[in-house]
Amino acid sequence: MAKLLIVDDEEKIREVIKEYAEFSGYETDEAKDGMEAVIKSKETKYDLIIMDVMMPKLDGYSAVKEIRKNAQTPVIMLSARVEEYDKLFGFEIGVDDYVTKPFSPKELIARVQAVLKRSGSPKKEIIKSDGLEIDIAGRSVYVDGKKVDMTPKEYELLFYLVENNGIAISREKLLSNVWGYDFYGDDRTVDTHVKMLRSSLGKYRDKIITLRGLGYKVEL
């Protein structure tokens, strides 16, 4: 049974999410602010965290950064802020999904299921190409023997491209399979993460090929 940490300073929101999550078969725990979420994450291993952005003591983004220092637990952010900048910032620090308030509890649980499915079934495979080594099972990437630190979303994007080596993949398909849903039809989310991923790969950035008018592919 997957265990979820629900983090929100509004008790009613926590109660609604808890009710739907437990009805769907998940075990739940709660935190009322980012600081409490960081402390609980150090004490308990969670399978996924649902994190509000605007909270007292420590905001959601700062809490995610602290949690990421010790664990790669998948995170779904909740926020009343709908600006694209806020969403892209969340993805850049490693958030797996972003849900705006007010939200449908049923849709939120569907996204929880999608994120857990993606994060829980990596293929056991190590792929090498020149000085680039990609360990899918270990969620590790090495450039000329040096481990590269990337966000969880960068890992997922790279692994999906690698698993489809040599195949042209549209931005829409990347959104659907890596993010788990259409991100409001905005292809810039994919482009931003590809730019970040190329930066992480350094001199092997050209392994990711841009297909103008379509999307991307990896050639290893």
# chains A, B, ... in the order shown; residues from 1 in each chain; ligands from 1
>>> residues_around(residues="segment 125-140 of chain A", least_positions_apart="5", cutoff="8 Å", atoms="only C-alpha atoms", output="list in words")
Gly145, Lys147, Val148, Tyr155, Phe159, Tyr204 and Leu220 of chain A
>>> residues_around(residues="Leu48 of chain A", least_positions_apart="6", cutoff="7 Å", atoms="only C-alpha atoms", output="ChimeraX atom specification")
/A:3-5,73-75
>>> closest_atom_pairs(of="segment 93-149 of chain A", to="segment 69-72 of chain A", cutoff="12 Å", atoms="only C-alpha atoms", output="tab-separated table")
residue	atom	partner	partner_atom	distance
A:Ile93	CA	A:Lys69	CA	11.4
A:Gly94	CA	A:Gln72	CA	8.8
A:Val95	CA	A:Gln72	CA	10.1
A:Asp96	CA	A:Gln72	CA	10.5
A:Ser119	CA	A:Gln72	CA	9.9
A:Gly120	CA	A:Gln72	CA	11.9
A:Gly138	CA	A:Gln72	CA	11.8
A:Arg139	CA	A:Gln72	CA	9.9
A:Ser140	CA	A:Gln72	CA	11.9
A:Asp149	CA	A:Lys69	CA	11.2
>>> closest_residue(among="A:Tyr61, A:Tyr160, A:Tyr26, A:Tyr20", to="Glu92 of chain A", atoms="only C-alpha atoms")
A:Tyr61
>>> select_by_dssp(residues="segment 12-218 of chain A", states="strand (DSSP E or B)", output="ChimeraX atom specification")
/A:27-31,48-52,75-79,97-100,126-129,132-135,140-143,146-147,169-170,208-211,215-218
>>> write_last_selection(atoms="C-alpha atoms", output="compact mmCIF listing (two decimals), in the first residue's frame")
# COMPACT_ATOMS: atom_id res chain seq x y z
CA GLU A 27 -2.30 5.19 3.49
CA THR A 28 -1.99 8.87 4.44
CA ASP A 29 -0.11 11.17 6.76
CA GLU A 30 -0.49 14.94 7.15
CA ALA A 31 1.63 18.05 7.68
CA LEU A 48 4.46 10.41 -2.84
CA ILE A 49 3.97 13.90 -1.39
CA ILE A 50 1.09 16.25 -2.19
CA MET A 51 2.47 19.71 -1.37
CA ASP A 52 0.77 23.11 -1.23
CA VAL A 75 5.88 15.41 -5.49
CA ILE A 76 2.60 16.85 -6.77
CA MET A 77 2.29 20.58 -6.08
CA LEU A 78 -0.99 22.32 -5.25
CA SER A 79 -1.34 26.05 -5.87
CA ASP A 97 3.06 17.30 -11.41
CA TYR A 98 1.30 20.59 -10.74
CA VAL A 99 -2.39 20.95 -9.85
CA THR A 100 -4.10 24.34 -9.59
CA ILE A 126 22.39 0.23 -18.06
CA ILE A 127 23.03 1.96 -21.37
CA LYS A 128 26.44 3.22 -22.50
CA SER A 129 27.27 5.47 -25.42
CA LEU A 132 27.75 8.65 -21.39
CA GLU A 133 26.38 5.98 -19.03
CA ILE A 134 22.70 5.81 -18.12
CA ASP A 135 21.60 3.53 -15.27
CA SER A 140 21.85 7.62 -12.28
CA VAL A 141 23.64 9.29 -15.17
CA TYR A 142 27.41 9.52 -15.59
CA VAL A 143 29.38 11.74 -17.96
CA LYS A 146 31.35 11.60 -13.17
CA LYS A 147 27.86 11.36 -11.74
CA ILE A 169 8.73 11.59 -30.47
CA SER A 170 6.42 14.59 -30.67
CA ILE A 208 19.30 14.68 -28.02
CA ILE A 209 18.29 15.74 -31.51
CA THR A 210 15.72 18.44 -32.21
CA LEU A 211 13.23 17.60 -34.95
CA GLY A 215 9.76 17.11 -31.22
CA TYR A 216 12.90 15.21 -30.25
CA LYS A 217 14.74 11.92 -30.42
CA VAL A 218 17.80 10.36 -28.83
>>> residues_around(residues="Arg14 of chain A", least_positions_apart="2", cutoff="10 Å", atoms="only C-alpha atoms", output="list of chain:residue names")
A:Leu5, A:Ile6, A:Val7, A:Asp8, A:Asp9, A:Glu10, A:Glu11, A:Lys12, A:Val16, A:Ile17, A:Lys18, A:Glu19, A:Asp29, A:Glu30, A:Ala31, A:Lys32, A:Ile50
>>> write_last_selection(atoms="N, CA and C atoms", output="short mmCIF file (atom, residue, chain, number, x, y, z; two decimals), in the first residue's frame")
data_model
loop_
_atom_site.label_atom_id
_atom_site.label_comp_id
_atom_site.auth_asym_id
_atom_site.auth_seq_id
_atom_site.Cartn_x
_atom_site.Cartn_y
_atom_site.Cartn_z
N LEU A 5 2.02 11.67 1.83
CA LEU A 5 2.08 12.76 2.79
C LEU A 5 1.32 13.95 2.19
N ILE A 6 0.29 14.40 2.89
CA ILE A 6 -0.54 15.50 2.43
C ILE A 6 -0.14 16.75 3.19
N VAL A 7 0.36 17.77 2.46
CA VAL A 7 0.89 18.97 3.10
C VAL A 7 0.10 20.19 2.66
N ASP A 8 -0.64 20.78 3.59
CA ASP A 8 -1.42 21.98 3.30
C ASP A 8 -1.77 22.65 4.62
N ASP A 9 -1.74 23.98 4.65
CA ASP A 9 -2.05 24.68 5.90
C ASP A 9 -3.56 24.78 6.15
N GLU A 10 -4.37 24.39 5.15
CA GLU A 10 -5.82 24.40 5.33
C GLU A 10 -6.30 22.99 5.67
N GLU A 11 -6.84 22.86 6.89
CA GLU A 11 -7.25 21.54 7.38
C GLU A 11 -8.33 20.91 6.51
N LYS A 12 -9.27 21.71 6.03
CA LYS A 12 -10.36 21.17 5.22
C LYS A 12 -9.85 20.54 3.93
N VAL A 16 -10.23 16.57 2.78
CA VAL A 16 -10.83 16.13 1.52
C VAL A 16 -9.87 15.20 0.77
N ILE A 17 -8.62 15.59 0.67
CA ILE A 17 -7.63 14.75 -0.02
C ILE A 17 -7.47 13.42 0.69
N LYS A 18 -7.40 13.47 2.02
CA LYS A 18 -7.25 12.25 2.81
C LYS A 18 -8.42 11.29 2.57
N GLU A 19 -9.64 11.83 2.55
CA GLU A 19 -10.82 11.00 2.35
C GLU A 19 -10.77 10.28 1.01
N ASP A 29 -0.64 10.44 5.62
CA ASP A 29 -0.11 11.17 6.76
C ASP A 29 -0.27 12.65 6.41
N GLU A 30 -0.24 13.52 7.41
CA GLU A 30 -0.49 14.94 7.15
C GLU A 30 0.58 15.83 7.75
N ALA A 31 0.76 17.01 7.13
CA ALA A 31 1.63 18.05 7.68
C ALA A 31 0.96 19.39 7.37
N LYS A 32 1.03 20.32 8.30
CA LYS A 32 0.31 21.59 8.13
C LYS A 32 1.17 22.71 7.56
N ILE A 50 1.95 15.22 -1.61
CA ILE A 50 1.09 16.25 -2.19
C ILE A 50 1.36 17.53 -1.41
#
>>> closest_residue(among="A:Ala80, A:Ser62, A:Arg212, A:Asp206", to="Phe103 of chain A", atoms="only C-alpha atoms")
A:Ala80
>>> residues_around(residues="Ile109 of chain A", least_positions_apart="4", cutoff="7 Å", atoms="only C-alpha atoms", output="MDAnalysis selection string")
chainID A and resid 21 105 113
>>> write_last_selection(atoms="C-alpha atoms", output="tab-separated table (two decimals), in the first residue's frame")
chain	number	residue	atom	x	y	z
A	21	ALA	CA	-6.90	8.96	-1.02
A	105	PRO	CA	-10.23	15.43	-5.83
A	113	GLN	CA	-1.89	7.04	-9.59
>>> atom_distance(atom1="atom CA of Ile67 of chain A", atom2="atom CA of Thr192 of chain A")
23.2 Å
>>> select_by_dssp(residues="chain A", states="helix (DSSP H, G or I)", output="ChimeraX atom specification")
/A:11-23,34-43,60-68,84-92,105-119,152-163,171-179,188-207
>>> atom_distance(atom1="atom CA of Leu161 of chain A", atom2="atom CA of Asp144 of chain A")
20.2 Å
>>> atom_distance(atom1="atom CA of Ile13 of chain A", atom2="atom CA of Glu107 of chain A")
14.5 Å
